[in-house]
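S.K.: Dropping the structure in here first, questions after.
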Amino acid sequence: MQPRAICTGTALGYAHNVMTLNVFSAGRDLVRWEVTAVSADGPYRLGVYHPGGAIVEYFTSVSAALEREHELEGLFVDRRAGYEPAAMVAGD
């Protein structure tokens, strides 16, 4: 039996593990995203997990997946930027 390394953080470049893991705040919601390699040479899967569900897309490169994540993060943050619970309750 060979010893195995235990990874307690983000594993970069390991084909069967999370390559990038991050979270961001969109108003009161916490959104998690990750990029994983489907096989050693790709494709790469972007998963964005939010309270309303999940967005999953596939890319031929990590950089393309990260560009798309940046795009989606901007959409989430912009949409939630004006979220004001008190104003919504008051009907303003």
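If you're wondering about the labels, chains in the structure tokens are A, B, ... by order shown, residues count from 1 in each chain, ligands from 1 in order shown.
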Quick one: residues within 9 Å of stretch 38-52 of chain A, only C-alpha atoms counted, chain neighbours fewer than 5 positions away excluded, as a ChimeraX atom specification?
M.R.: /A:13-16,29-33,57-62,65-66,68-69,72
S.K.: For the residues in the current selection, export C-alpha atoms as a CSV table (one decimal), in the first residue's frame.
M.R.:
chain,number,residue,atom,x,y,z
A,13,GLY,CA,-3.1,20.9,-11.3
A,14,TYR,CA,-4.4,17.6,-10.0
A,15,ALA,CA,-6.7,16.2,-12.7
A,16,HIS,CA,-9.2,14.5,-10.3
A,29,ASP,CA,-26.2,35.3,-0.8
A,30,LEU,CA,-23.0,33.4,-0.8
A,31,VAL,CA,-22.0,32.0,-4.2
A,32,ARG,CA,-19.4,29.2,-4.6
A,33,TRP,CA,-17.6,28.4,-7.8
A,57,GLU,CA,-20.4,25.0,-18.3
A,58,TYR,CA,-17.4,23.3,-20.0
A,59,PHE,CA,-14.3,24.9,-21.6
A,60,THR,CA,-11.3,23.8,-23.5
A,61,SER,CA,-8.9,25.9,-21.3
A,62,VAL,CA,-8.7,27.0,-17.7
A,65,ALA,CA,-13.4,29.0,-17.7
A,66,LEU,CA,-11.9,31.7,-15.4
A,68,ARG,CA,-16.5,33.1,-17.8
A,69,GLU,CA,-16.6,33.0,-14.0
A,72,LEU,CA,-20.9,35.5,-14.1
S.K.: What is the distance, in Å and to one decimal place, between atom CA of A:Val23 and atom CA of A:Ile55?
M.R.: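 So the two atoms, atom CA of A:Val23 and atom CA of A:Ile55, lie 14.2 Å apart.
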S.K.: Calculate how many Å separate atom CA of A:Glu34 from atom CA of A:Val56, rounding to one decimal.
M.R.: 9.8 Å
S.K.: So how many Å separate atom CA of A:Asp78 and atom CA of A:Ala64, to one decimal?
M.R.: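 Value for the atom CA of A:Asp78-atom CA of A:Ala64 distance: 21.3 Å.
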